[in-house]
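One file, model.tsv, carrying TSV, C-alpha atoms (C1' of nucleotides):
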chain	number	residue	atom	x	y	z
F	813	MET	CA	-140.93	-27.25	176.10
F	814	PRO	CA	-139.49	-24.79	173.62
F	815	ASP	CA	-141.50	-21.80	172.46
F	816	GLU	CA	-142.73	-22.55	168.97
F	817	PHE	CA	-142.53	-18.82	168.22
F	818	GLN	CA	-138.80	-18.71	169.03
F	819	LEU	CA	-137.06	-17.07	166.10
F	820	ASP	CA	-133.88	-19.07	166.58
F	821	GLU	CA	-135.69	-22.37	166.19
F	822	GLN	CA	-137.23	-21.54	162.85
F	823	ALA	CA	-135.67	-22.89	159.69
F	824	CYS	CA	-137.73	-20.37	157.75
F	825	PHE	CA	-136.00	-17.40	159.28
F	826	ALA	CA	-132.58	-18.96	158.86
F	827	LEU	CA	-133.47	-19.44	155.20
F	828	TYR	CA	-134.74	-15.91	154.83
F	829	ALA	CA	-131.64	-14.43	156.47
F	830	ALA	CA	-129.23	-16.64	154.53
F	831	SER	CA	-130.82	-15.81	151.22
F	832	ARG	CA	-130.42	-12.09	151.80
F	833	ALA	CA	-126.87	-12.48	153.12
F	834	VAL	CA	-125.88	-14.35	149.97
F	835	THR	CA	-127.49	-11.74	147.74
F	836	ASP	CA	-125.51	-9.12	149.66
F	837	ALA	CA	-122.33	-11.00	148.85
F	838	TYR	CA	-123.19	-10.96	145.15
F	839	ARG	CA	-124.03	-7.26	145.10
F	840	PRO	CA	-120.56	-5.72	144.76
F	841	LEU	CA	-119.43	-8.34	142.23
F	842	LEU	CA	-122.51	-7.98	140.06
F	843	GLY	CA	-122.54	-4.23	140.52
F	844	GLU	CA	-119.29	-4.15	138.56
F	845	LEU	CA	-121.18	-5.74	135.69
F	846	GLY	CA	-124.21	-3.49	136.08
F	847	LEU	CA	-126.39	-6.41	137.18
F	848	THR	CA	-128.66	-7.33	140.06
F	849	TYR	CA	-128.86	-10.91	141.30
F	850	PRO	CA	-132.17	-11.73	139.57
F	851	GLN	CA	-130.82	-10.22	136.35
F	852	TYR	CA	-127.72	-12.39	136.71
F	853	LEU	CA	-129.95	-15.45	137.11
F	854	VAL	CA	-131.72	-14.63	133.86
F	855	LEU	CA	-128.36	-14.40	132.11
F	856	LEU	CA	-127.31	-17.76	133.60
F	857	VAL	CA	-130.38	-19.28	131.99
F	858	LEU	CA	-129.67	-17.67	128.65
F	859	TRP	CA	-125.96	-18.44	128.68
F	860	GLU	CA	-126.94	-22.06	129.14
F	861	SER	CA	-129.27	-21.98	126.15
F	862	ASP	CA	-130.09	-18.84	124.25
F	863	ALA	CA	-133.27	-17.72	122.50
F	864	ARG	CA	-135.90	-18.97	124.92
F	865	PRO	CA	-139.46	-17.79	125.48
F	866	VAL	CA	-140.23	-15.80	128.61
F	867	LYS	CA	-142.28	-18.71	129.89
F	868	GLU	CA	-139.25	-21.03	130.01
F	869	ILE	CA	-137.12	-18.48	131.81
F	870	GLY	CA	-139.88	-18.08	134.35
F	871	GLU	CA	-140.12	-21.81	134.86
F	872	ALA	CA	-136.36	-22.14	135.29
F	873	LEU	CA	-136.26	-19.41	137.95
F	874	HIS	CA	-139.74	-19.89	139.45
F	875	LEU	CA	-140.60	-16.29	138.58
F	876	ASP	CA	-143.86	-15.02	137.15
F	877	TYR	CA	-144.47	-12.53	134.35
F	878	GLY	CA	-145.16	-9.72	136.78
F	879	THR	CA	-141.55	-9.95	137.88
F	880	LEU	CA	-139.92	-10.98	134.61
F	881	SER	CA	-141.55	-8.56	132.19
F	882	PRO	CA	-140.10	-5.36	133.68
F	883	LEU	CA	-136.81	-7.10	134.52
F	884	LEU	CA	-136.36	-8.21	130.91
F	885	LYS	CA	-137.26	-4.74	129.72
F	886	ARG	CA	-134.45	-3.34	131.85
F	887	LEU	CA	-131.96	-5.86	130.46
F	888	GLU	CA	-133.14	-4.96	126.97
F	889	ALA	CA	-132.71	-1.25	127.73
F	890	ASN	CA	-129.15	-2.05	128.85
F	891	GLY	CA	-128.45	-3.71	125.51
F	892	LEU	CA	-127.96	-7.25	126.82
F	893	LEU	CA	-130.89	-8.94	125.09
F	894	THR	CA	-133.67	-8.53	122.54
F	895	ARG	CA	-137.33	-9.49	122.52
F	896	ALA	CA	-139.10	-10.83	119.44
F	897	ARG	CA	-142.51	-12.36	118.81
F	898	LEU	CA	-142.51	-15.87	117.40
F	899	PRO	CA	-143.98	-15.86	113.86
F	900	GLU	CA	-145.56	-19.31	114.43
F	901	ASP	CA	-147.19	-18.11	117.65
F	902	GLU	CA	-147.54	-14.38	118.03
F	903	ARG	CA	-148.27	-14.81	121.76
F	904	THR	CA	-144.80	-15.96	122.77
F	905	VAL	CA	-141.90	-13.56	123.13
F	906	VAL	CA	-138.48	-15.06	122.53
F	907	ILE	CA	-135.58	-13.60	124.49
F	908	SER	CA	-132.20	-13.64	122.76
F	909	LEU	CA	-128.82	-12.40	123.95
F	910	THR	CA	-127.10	-9.62	122.07
F	911	GLU	CA	-123.39	-9.79	121.33
F	912	GLU	CA	-122.85	-7.71	124.47
F	913	GLY	CA	-125.00	-10.08	126.50
F	914	ARG	CA	-122.96	-13.07	125.35
F	915	PHE	CA	-119.69	-11.24	126.01
F	916	LEU	CA	-120.73	-10.44	129.56
F	917	ARG	CA	-120.25	-14.11	130.37
F	918	THR	CA	-116.51	-13.77	130.06
F	919	ARG	CA	-116.54	-10.72	132.32
F	920	ALA	CA	-118.53	-12.72	134.88
F	921	ALA	CA	-116.12	-15.65	134.76
F	922	GLY	CA	-114.86	-15.11	138.29
F	923	VAL	CA	-118.20	-14.66	139.99
F	924	PRO	CA	-119.22	-18.27	140.76
F	925	SER	CA	-115.90	-19.21	142.30
F	926	ALA	CA	-115.73	-15.97	144.31
F	927	ILE	CA	-119.16	-16.66	145.73
F	928	GLY	CA	-118.39	-20.31	146.27
F	929	CYS	CA	-115.45	-19.17	148.35
F	930	ALA	CA	-117.53	-16.58	150.19
F	931	LEU	CA	-120.03	-19.22	151.29
F	932	GLY	CA	-117.28	-21.31	152.79
F	933	LEU	CA	-118.89	-24.67	152.00
F	934	ASP	CA	-116.93	-27.71	150.90
F	935	ASP	CA	-118.26	-29.60	147.93
F	936	ALA	CA	-119.98	-32.29	149.99
F	937	SER	CA	-121.95	-29.98	152.25
F	938	ARG	CA	-122.82	-27.79	149.28
F	939	ARG	CA	-124.39	-30.75	147.50
F	940	GLU	CA	-126.16	-31.85	150.63
F	941	LEU	CA	-127.50	-28.35	151.19
F	942	ILE	CA	-128.79	-28.20	147.63
F	943	THR	CA	-130.52	-31.55	148.08
F	944	THR	CA	-132.16	-30.47	151.33
F	945	LEU	CA	-133.27	-27.14	149.89
F	946	ARG	CA	-134.74	-28.77	146.81
F	947	ARG	CA	-136.76	-31.20	148.90
F	948	LEU	CA	-137.89	-28.30	151.05
F	949	THR	CA	-138.84	-26.20	148.01
F	950	ALA	CA	-140.82	-29.08	146.52
F	951	SER	CA	-142.59	-29.72	149.81
F	952	ALA	CA	-143.45	-26.06	150.39
F	953	THR	CA	-144.63	-25.65	146.80
F	954	ALA	CA	-146.87	-28.69	147.06
F	955	TYR	CA	-148.32	-27.27	150.26
F	956	SER	CA	-149.00	-23.91	148.61
F	957	LEU	CA	-150.67	-25.48	145.61
F	958	GLY	CA	-152.65	-28.11	147.46
F	959	GLY	CA	-153.44	-26.16	150.56
F	960	PRO	CA	-152.99	-27.39	154.14
F	961	ASP	CA	-155.68	-30.05	153.72
F	962	ALA	CA	-155.99	-30.71	150.02
F	963	GLN	CA	-158.33	-33.43	148.86
F	964	PRO	CA	-157.50	-34.53	145.29
L	659	MET	CA	-115.66	-30.65	134.14
L	660	PRO	CA	-118.97	-29.14	135.14
L	661	ASP	CA	-120.01	-25.71	133.93
L	662	GLU	CA	-119.54	-23.31	136.81
L	663	PHE	CA	-122.46	-21.30	135.47
L	664	GLN	CA	-124.84	-24.29	135.71
L	665	LEU	CA	-127.90	-23.13	137.63
L	666	ASP	CA	-128.53	-26.56	139.12
L	667	GLU	CA	-125.11	-26.66	140.75
L	668	GLN	CA	-125.50	-23.39	142.60
L	669	ALA	CA	-126.41	-23.41	146.26
L	670	CYS	CA	-127.28	-19.72	145.95
L	671	PHE	CA	-130.12	-20.35	143.57
L	672	ALA	CA	-131.44	-23.25	145.63
L	673	LEU	CA	-131.42	-20.89	148.59
L	674	TYR	CA	-133.14	-18.11	146.68
L	675	ALA	CA	-135.83	-20.46	145.35
L	676	ALA	CA	-136.40	-22.15	148.71
L	677	SER	CA	-136.75	-18.86	150.52
L	678	ARG	CA	-139.46	-17.69	148.15
L	679	ALA	CA	-141.23	-21.05	148.20
L	680	VAL	CA	-141.40	-20.94	151.98
L	681	THR	CA	-142.70	-17.38	151.96
L	682	ASP	CA	-145.37	-18.54	149.52
L	683	ALA	CA	-146.40	-21.23	151.98
L	684	TYR	CA	-146.79	-18.63	154.74
L	685	ARG	CA	-148.82	-16.25	152.57
L	686	PRO	CA	-152.31	-17.78	152.90
L	687	LEU	CA	-151.89	-18.45	156.62
L	688	LEU	CA	-150.62	-14.96	157.40
L	689	GLY	CA	-153.11	-13.41	155.00
L	690	GLU	CA	-155.83	-14.61	157.37
L	691	LEU	CA	-154.19	-12.49	160.05
L	692	GLY	CA	-153.64	-9.51	157.75
L	693	LEU	CA	-149.86	-9.95	157.88
L	694	THR	CA	-146.98	-10.36	155.49
L	695	TYR	CA	-144.03	-12.58	156.35
L	696	PRO	CA	-141.66	-9.74	157.35
L	697	GLN	CA	-144.45	-8.23	159.46
L	698	TYR	CA	-144.91	-11.61	161.13
L	699	LEU	CA	-141.18	-11.72	161.87
L	700	VAL	CA	-141.40	-8.34	163.60
L	701	LEU	CA	-144.24	-9.64	165.73
L	702	LEU	CA	-142.23	-12.77	166.60
L	703	VAL	CA	-139.52	-10.48	167.93
L	704	LEU	CA	-141.98	-8.40	169.93
L	705	TRP	CA	-143.91	-11.38	171.27
L	706	GLU	CA	-140.60	-12.65	172.58
L	707	SER	CA	-139.87	-9.37	174.34
L	708	ASP	CA	-141.99	-6.29	173.99
L	709	ALA	CA	-141.09	-2.58	173.98
L	710	ARG	CA	-137.84	-2.66	172.03
L	711	PRO	CA	-136.12	0.09	170.06
L	712	VAL	CA	-136.21	-0.12	166.27
L	713	LYS	CA	-132.49	-0.77	166.27
L	714	GLU	CA	-132.87	-4.03	168.19
L	715	ILE	CA	-135.62	-5.28	165.93
L	716	GLY	CA	-133.41	-4.54	162.96
L	717	GLU	CA	-130.51	-6.42	164.50
L	718	ALA	CA	-132.69	-9.43	165.29
L	719	LEU	CA	-133.99	-9.64	161.72
L	720	HIS	CA	-130.94	-8.25	159.88
L	721	LEU	CA	-133.10	-5.48	158.42
L	722	ASP	CA	-132.18	-1.82	158.08
L	723	TYR	CA	-134.21	1.29	158.85
L	724	GLY	CA	-135.12	1.78	155.21
L	725	THR	CA	-137.09	-1.45	155.38
L	726	LEU	CA	-138.28	-1.29	158.96
L	727	SER	CA	-139.51	2.30	159.18
L	728	PRO	CA	-142.33	1.99	156.63
L	729	LEU	CA	-143.10	-1.58	157.74
L	730	LEU	CA	-143.54	-0.47	161.35
L	731	LYS	CA	-145.66	2.44	160.20
L	732	ARG	CA	-148.00	0.00	158.46
L	733	LEU	CA	-148.23	-2.18	161.57
L	734	GLU	CA	-148.96	0.95	163.59
L	735	ALA	CA	-151.66	1.97	161.10
L	736	ASN	CA	-153.17	-1.50	161.52
L	737	GLY	CA	-153.33	-0.96	165.26
L	738	LEU	CA	-150.86	-3.69	166.24
L	739	LEU	CA	-148.16	-1.51	167.81
L	740	THR	CA	-147.23	2.00	168.91
L	741	ARG	CA	-144.10	4.11	168.50
L	742	ALA	CA	-142.76	6.37	171.25
L	743	ARG	CA	-139.56	8.34	171.71
L	744	LEU	CA	-137.46	7.44	174.74
L	745	PRO	CA	-137.37	10.37	177.21
L	746	GLU	CA	-133.76	9.52	178.20
L	747	ASP	CA	-132.69	9.51	174.57
L	748	GLU	CA	-134.94	11.34	172.17
L	749	ARG	CA	-133.23	9.63	169.22
L	750	THR	CA	-134.51	6.15	169.89
L	751	VAL	CA	-138.04	5.05	169.06
L	752	VAL	CA	-139.43	2.27	171.21
L	753	ILE	CA	-141.91	-0.11	169.58
L	754	SER	CA	-144.59	-1.56	171.86
L	755	LEU	CA	-147.41	-3.97	171.09
L	756	THR	CA	-150.99	-2.85	171.55
L	757	GLU	CA	-153.55	-5.11	173.17
L	758	GLU	CA	-154.55	-6.20	169.68
L	759	GLY	CA	-150.94	-6.92	168.76
L	760	ARG	CA	-150.52	-9.14	171.82
L	761	PHE	CA	-153.80	-10.89	171.15
L	762	LEU	CA	-152.79	-11.71	167.58
L	763	ARG	CA	-150.33	-14.22	169.03
L	764	THR	CA	-153.17	-16.50	170.06
L	765	ARG	CA	-154.69	-16.25	166.59
L	766	ALA	CA	-151.30	-17.19	165.10
L	767	ALA	CA	-150.92	-20.19	167.38
L	768	GLY	CA	-151.25	-22.72	164.58
L	769	VAL	CA	-148.88	-21.09	162.12
L	770	PRO	CA	-145.49	-22.49	163.17
L	771	SER	CA	-146.67	-26.09	163.28
L	772	ALA	CA	-148.53	-25.75	159.98
L	773	ILE	CA	-145.38	-24.44	158.33
L	774	GLY	CA	-143.22	-27.01	160.05
L	775	CYS	CA	-145.46	-29.64	158.51
L	776	ALA	CA	-145.39	-27.96	155.11
L	777	LEU	CA	-141.60	-28.05	155.01
L	778	GLY	CA	-141.60	-31.78	155.62
L	779	LEU	CA	-138.39	-31.82	157.67
L	780	ASP	CA	-137.87	-34.04	160.65
L	781	ASP	CA	-136.41	-32.42	163.74
L	782	ALA	CA	-132.86	-33.60	163.09
L	783	SER	CA	-132.57	-32.34	159.52
L	784	ARG	CA	-134.26	-29.11	160.51
L	785	ARG	CA	-131.61	-28.46	163.14
L	786	GLU	CA	-128.85	-29.44	160.76
L	787	LEU	CA	-130.25	-27.13	158.09
L	788	ILE	CA	-130.39	-24.25	160.55
L	789	THR	CA	-126.79	-24.89	161.56
L	790	THR	CA	-125.61	-24.97	157.94
L	791	LEU	CA	-127.56	-21.83	157.04
L	792	ARG	CA	-126.22	-19.93	160.01
L	793	ARG	CA	-122.64	-20.81	159.12
L	794	LEU	CA	-123.35	-19.79	155.56
L	795	THR	CA	-124.94	-16.50	156.65
L	796	ALA	CA	-121.98	-15.68	158.88
L	797	SER	CA	-119.52	-16.53	156.13
L	798	ALA	CA	-121.35	-14.50	153.47
L	799	THR	CA	-121.76	-11.56	155.84
L	800	ALA	CA	-118.05	-11.59	156.70
L	801	TYR	CA	-117.26	-11.62	152.99
L	802	SER	CA	-119.58	-8.67	152.35
L	803	LEU	CA	-118.11	-6.64	155.18
L	804	GLY	CA	-114.48	-7.49	154.60
L	805	GLY	CA	-114.52	-7.71	150.84
L	806	PRO	CA	-113.03	-10.53	148.75
L	807	ASP	CA	-109.49	-9.68	149.87
L	808	ALA	CA	-109.78	-7.76	153.10
L	809	GLN	CA	-106.60	-6.63	154.82
L	810	PRO	CA	-107.25	-5.65	158.46
X	346	DC	C1'	-117.82	24.01	176.87
X	347	DA	C1'	-117.73	24.51	171.67
X	348	DG	C1'	-117.23	21.93	167.59
X	349	DA	C1'	-116.78	17.39	165.56
X	350	DA	C1'	-118.12	12.76	165.31
X	351	DA	C1'	-121.30	9.26	166.16
X	352	DT	C1'	-125.99	7.49	166.74
X	353	DA	C1'	-130.92	6.58	165.80
X	354	DC	C1'	-134.14	7.24	162.78
X	355	DC	C1'	-136.56	8.90	158.50
X	356	DT	C1'	-137.24	9.61	153.51
X	357	DT	C1'	-136.44	8.91	148.64
X	358	DG	C1'	-135.42	6.26	144.64
X	359	DC	C1'	-134.88	1.96	142.41
X	360	DA	C1'	-135.53	-2.95	141.76
X	361	DC	C1'	-137.61	-6.96	142.83
X	362	DA	C1'	-141.82	-10.21	143.97
X	363	DC	C1'	-146.54	-11.32	143.76
X	364	DG	C1'	-151.70	-10.89	143.25
X	365	DA	C1'	-155.11	-9.14	140.22
X	366	DT	C1'	-156.56	-7.59	135.92
X	367	DG	C1'	-156.31	-6.86	130.94
X	368	DT	C1'	-155.30	-8.19	125.97
X	369	DA	C1'	-154.21	-10.56	121.99
X	370	DA	C1'	-153.47	-14.92	119.90
X	371	DT	C1'	-154.32	-19.81	119.66
X	372	DC	C1'	-156.82	-24.01	120.70
X	373	DG	C1'	-160.76	-26.97	121.60
X	374	DT	C1'	-165.49	-28.26	121.02
X	375	DG	C1'	-169.70	-28.81	119.10
H	905	DC	C1'	-166.50	-22.61	111.39
H	906	DA	C1'	-168.23	-20.03	115.45
H	907	DC	C1'	-167.20	-19.27	120.14
H	908	DG	C1'	-165.77	-20.21	124.62
H	909	DA	C1'	-161.59	-21.65	127.04
H	910	DT	C1'	-156.72	-21.49	127.32
H	911	DT	C1'	-152.23	-19.57	126.75
H	912	DA	C1'	-148.50	-16.07	126.74
H	913	DC	C1'	-147.55	-11.90	128.05
H	914	DA	C1'	-148.13	-7.01	129.91
H	915	DT	C1'	-149.58	-3.69	133.45
H	916	DC	C1'	-150.90	-1.95	137.97
H	917	DG	C1'	-150.88	-1.71	142.97
H	918	DT	C1'	-148.79	-3.02	147.26
H	919	DG	C1'	-145.04	-4.45	150.09
H	920	DT	C1'	-140.58	-5.40	150.82
H	921	DG	C1'	-135.16	-4.67	150.58
H	922	DC	C1'	-131.31	-1.70	150.10
H	923	DA	C1'	-128.32	2.46	148.95
H	924	DA	C1'	-127.96	7.26	149.57
H	925	DG	C1'	-128.97	11.37	151.69
H	926	DG	C1'	-131.18	14.07	155.41
H	927	DT	C1'	-132.35	15.54	160.47
H	928	DA	C1'	-132.25	15.66	165.31
H	929	DT	C1'	-130.00	14.16	169.41
H	930	DT	C1'	-126.27	12.56	171.97
H	931	DT	C1'	-121.39	11.71	172.84
H	932	DC	C1'	-116.69	12.53	172.29
H	933	DT	C1'	-112.49	15.64	172.11
H	934	DG	C1'	-109.64	19.16	172.56
In structure tokens, write the structure found in this file.
Amino acid sequence: MPDEFQLDEQACFALYAASRAVTDAYRPLLGELGLTYPQYLVLLVLWESDARPVKEIGEALHLDYGTLSPLLKRLEANGLLTRARLPEDERTVVISLTEEGRFLRTRAAGVPSAIGCALGLDDASRRELITTLRRLTASATAYSLGGPDAQP
Amino acid sequence: MPDEFQLDEQACFALYAASRAVTDAYRPLLGELGLTYPQYLVLLVLWESDARPVKEIGEALHLDYGTLSPLLKRLEANGLLTRARLPEDERTVVISLTEEGRFLRTRAAGVPSAIGCALGLDDASRRELITTLRRLTASATAYSLGGPDAQP
DNA sequence: CAGAAATACCTTGCACACGATGTAATCGTG
DNA sequence: CACGATTACATCGTGTGCAAGGTATTTCTG
């Protein structure tokens, strides 16, 4: 019987390695734009719909405030976005793109297709991979929240 | 036509999110053993074959010295392994498990199956996922090394 | 065999990621 | 309406990851 500790048999390691390899592929492209991959993800969210509270960005990317707060501060320092308290609710901070932040989208126009090419996946296997990974993410998240033997 | 910037359509983000979700699932289990996920990966490598140079561990996990050196120092400080220069080649540092490091394997016996269960993948889709991810990793790595338009 | 190149590793600096803790604002309840 | 709970966010500490730069040891080359 196979060794359950065998690295090659573990989907988790394949996932971990693939994730870093893909981020590596992004690095030179995003470096041209002065961005890291997580910063690029934040911009994707904002390009899709601007002026959102930090909470929504965190939900979209599954990132907590401890990660987002300093990241957003760096993007603000680079002139890509602004932070403003909501008058109706002084607790929430709304993140809005600056003109420069909106313009960066045109400079990033080639990135998705370049990466799509780098991954070397046809459209069908890409969709299937996304489906599998989403199921896996949901399953792992449920496990984390509920614990190995959760009793509701 | 679909927006190429759409977060939901990007395999990269699914990968990034899944990788972190899986690491989250490991955290409580490994926390019991006083380990992080990358530290656990190093032990997997050493449990498979002990007394290896840092270079080999890095190749197995696709990690560089900048990550491994401090990580190995922490594992050494925790009494799980030792570092020794090779007499034949004073440049290389050989990492060997201590008695405690070897024993930890028995305490970690339940981890792989617990995670396997948490991911909720049957054996077939797990293997298929690993295959897809390995192709993807190879493709992304080749892209990173060769550049978008490499001319050998 | 001397000097150059390569190798193995280490350290530093920066940017995530996450747990834990703190704070101000709002909400819910009696 | 007082006051405890909740919410939204910030900060701090620790541990990765990676680029860049440094050192010591070996290997290669002329």
Enclose all atoms of range 732-742 of chain L listed in the file in an axis-aligned box, grow every side by 6 Å, and hand back centre and edge lengths in Å to one decimal, as lines of an AutoDock Vina configuration file.
center_x = -148.0
center_y = 1.3
center_z = 164.9
size_x = 22.6
size_y = 22.1
size_z = 24.8
Shell of 12 Å around Arg793 in chain L, only C-alpha atoms (C1' of nucleotides), local chain residues under 2 positions omitted, as JSON, numbers by chain: {"F": [826, 827, 829, 830, 833, 834, 930, 931, 932, 933, 937, 941], "L": [786, 787, 788, 789, 790, 791, 795, 796, 797, 798, 799, 800]}
Would you save the residues from that selection as a PDB file, in the coordinates of the input, using C-alpha atoms?
ATOM      1  CA  ALA F 826    -132.580 -18.960 158.860  1.00  0.00           C
ATOM      2  CA  LEU F 827    -133.470 -19.440 155.200  1.00  0.00           C
ATOM      3  CA  ALA F 829    -131.640 -14.430 156.470  1.00  0.00           C
ATOM      4  CA  ALA F 830    -129.230 -16.640 154.530  1.00  0.00           C
ATOM      5  CA  ALA F 833    -126.870 -12.480 153.120  1.00  0.00           C
ATOM      6  CA  VAL F 834    -125.880 -14.350 149.970  1.00  0.00           C
ATOM      7  CA  ALA F 930    -117.530 -16.580 150.190  1.00  0.00           C
ATOM      8  CA  LEU F 931    -120.030 -19.220 151.290  1.00  0.00           C
ATOM      9  CA  GLY F 932    -117.280 -21.310 152.790  1.00  0.00           C
ATOM     10  CA  LEU F 933    -118.890 -24.670 152.000  1.00  0.00           C
ATOM     11  CA  SER F 937    -121.950 -29.980 152.250  1.00  0.00           C
ATOM     12  CA  LEU F 941    -127.500 -28.350 151.190  1.00  0.00           C
TER      13      LEU F 941
ATOM     14  CA  GLU L 786    -128.850 -29.440 160.760  1.00  0.00           C
ATOM     15  CA  LEU L 787    -130.250 -27.130 158.090  1.00  0.00           C
ATOM     16  CA  ILE L 788    -130.390 -24.250 160.550  1.00  0.00           C
ATOM     17  CA  THR L 789    -126.790 -24.890 161.560  1.00  0.00           C
ATOM     18  CA  THR L 790    -125.610 -24.970 157.940  1.00  0.00           C
ATOM     19  CA  LEU L 791    -127.560 -21.830 157.040  1.00  0.00           C
ATOM     20  CA  THR L 795    -124.940 -16.500 156.650  1.00  0.00           C
ATOM     21  CA  ALA L 796    -121.980 -15.680 158.880  1.00  0.00           C
ATOM     22  CA  SER L 797    -119.520 -16.530 156.130  1.00  0.00           C
ATOM     23  CA  ALA L 798    -121.350 -14.500 153.470  1.00  0.00           C
ATOM     24  CA  THR L 799    -121.760 -11.560 155.840  1.00  0.00           C
ATOM     25  CA  ALA L 800    -118.050 -11.590 156.700  1.00  0.00           C
TER      26      ALA L 800
END
Can you pull out every residue within 9 Å of DC932 in chain H, counting all atoms listed in the file, but drop anything in the same chain fewer than 2 positions away, and send it as a PyMOL selection string? chain X and resi 349-351
Kindly extract all protein, DNA and RNA residues lying within 12 Å of the coordinates (-132.7, 4.6, 161.2) given in the file, considering all atoms listed in the file, and supply them as a list of chain:residue names.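 The residues near that point, listed by chain and number, are L:Pro711, L:Val712, L:Lys713, L:Glu714, L:Ile715, L:Gly716, L:Glu717, L:Leu721, L:Asp722, L:Tyr723, L:Gly724, L:Thr725, L:Leu726, L:Ser727, L:Pro728, L:Leu730, L:Arg749, L:Thr750, L:Val751, X:DT352, X:DA353, X:DC354, X:DC355, X:DT356, H:DG926, H:DT927, H:DA928.
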DG917 in chain H: which residues within 12 Å, counting only C-alpha atoms (C1' of nucleotides), same-chain residues fewer than 2 positions away excluded, as a ChimeraX atom specification? /F:878 /X:363-366 /H:915,919
If I put a ball of radius 10 Å at (-148.2, -16.0, 118.9) in the file's coordinates, which residues poke into it when counting only C-alpha atoms (C1' of nucleotides), written as a ChimeraX atom specification? /F:897-905 /X:369-371 /H:911-912
How far is it from CA of Ser802 in chain L to CA of Ala837 in chain F, in Å with one decimal? 5.0 Å
Rebuild range 780-791 of chain L to N, CA, C and O atoms - output it as a PDB file, keeping the file's coordinate frame, please.
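Now in rebuild-v2.pdb:
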ATOM      1  N   ASP L 780    -137.864 -33.522 159.292  1.00  0.00           N
ATOM      2  CA  ASP L 780    -137.870 -34.040 160.650  1.00  0.00           C
ATOM      3  C   ASP L 780    -136.986 -33.146 161.516  1.00  0.00           C
ATOM      4  O   ASP L 780    -136.230 -32.310 161.010  1.00  0.00           O
ATOM      5  N   ASP L 781    -137.069 -33.332 162.816  1.00  0.00           N
ATOM      6  CA  ASP L 781    -136.410 -32.420 163.740  1.00  0.00           C
ATOM      7  C   ASP L 781    -134.902 -32.384 163.527  1.00  0.00           C
ATOM      8  O   ASP L 781    -134.279 -31.322 163.596  1.00  0.00           O
ATOM      9  N   ALA L 782    -134.318 -33.537 163.238  1.00  0.00           N
ATOM     10  CA  ALA L 782    -132.860 -33.600 163.090  1.00  0.00           C
ATOM     11  C   ALA L 782    -132.398 -32.811 161.871  1.00  0.00           C
ATOM     12  O   ALA L 782    -131.487 -31.981 161.971  1.00  0.00           O
ATOM     13  N   SER L 783    -133.036 -33.035 160.720  1.00  0.00           N
ATOM     14  CA  SER L 783    -132.570 -32.340 159.520  1.00  0.00           C
ATOM     15  C   SER L 783    -132.892 -30.851 159.591  1.00  0.00           C
ATOM     16  O   SER L 783    -132.178 -30.036 159.015  1.00  0.00           O
ATOM     17  N   ARG L 784    -133.967 -30.523 160.318  1.00  0.00           N
ATOM     18  CA  ARG L 784    -134.260 -29.110 160.510  1.00  0.00           C
ATOM     19  C   ARG L 784    -133.121 -28.423 161.270  1.00  0.00           C
ATOM     20  O   ARG L 784    -132.606 -27.386 160.854  1.00  0.00           O
ATOM     21  N   ARG L 785    -132.716 -29.041 162.361  1.00  0.00           N
ATOM     22  CA  ARG L 785    -131.610 -28.460 163.140  1.00  0.00           C
ATOM     23  C   ARG L 785    -130.333 -28.394 162.326  1.00  0.00           C
ATOM     24  O   ARG L 785    -129.589 -27.413 162.389  1.00  0.00           O
ATOM     25  N   GLU L 786    -130.078 -29.434 161.560  1.00  0.00           N
ATOM     26  CA  GLU L 786    -128.850 -29.440 160.760  1.00  0.00           C
ATOM     27  C   GLU L 786    -128.908 -28.345 159.706  1.00  0.00           C
ATOM     28  O   GLU L 786    -127.924 -27.647 159.456  1.00  0.00           O
ATOM     29  N   LEU L 787    -130.089 -28.186 159.100  1.00  0.00           N
ATOM     30  CA  LEU L 787    -130.250 -27.130 158.090  1.00  0.00           C
ATOM     31  C   LEU L 787    -130.002 -25.760 158.715  1.00  0.00           C
ATOM     32  O   LEU L 787    -129.279 -24.927 158.152  1.00  0.00           O
ATOM     33  N   ILE L 788    -130.584 -25.533 159.889  1.00  0.00           N
ATOM     34  CA  ILE L 788    -130.390 -24.250 160.550  1.00  0.00           C
ATOM     35  C   ILE L 788    -128.915 -24.002 160.812  1.00  0.00           C
ATOM     36  O   ILE L 788    -128.391 -22.909 160.558  1.00  0.00           O
ATOM     37  N   THR L 789    -128.220 -25.034 161.284  1.00  0.00           N
ATOM     38  CA  THR L 789    -126.790 -24.890 161.560  1.00  0.00           C
ATOM     39  C   THR L 789    -126.024 -24.513 160.289  1.00  0.00           C
ATOM     40  O   THR L 789    -125.224 -23.573 160.269  1.00  0.00           O
ATOM     41  N   THR L 790    -126.293 -25.248 159.212  1.00  0.00           N
ATOM     42  CA  THR L 790    -125.610 -24.970 157.940  1.00  0.00           C
ATOM     43  C   THR L 790    -125.901 -23.554 157.462  1.00  0.00           C
ATOM     44  O   THR L 790    -125.001 -22.822 157.050  1.00  0.00           O
ATOM     45  N   LEU L 791    -127.175 -23.154 157.543  1.00  0.00           N
ATOM     46  CA  LEU L 791    -127.560 -21.830 157.040  1.00  0.00           C
ATOM     47  C   LEU L 791    -126.935 -20.723 157.883  1.00  0.00           C
ATOM     48  O   LEU L 791    -126.574 -19.666 157.356  1.00  0.00           O
TER      49      LEU L 791
END
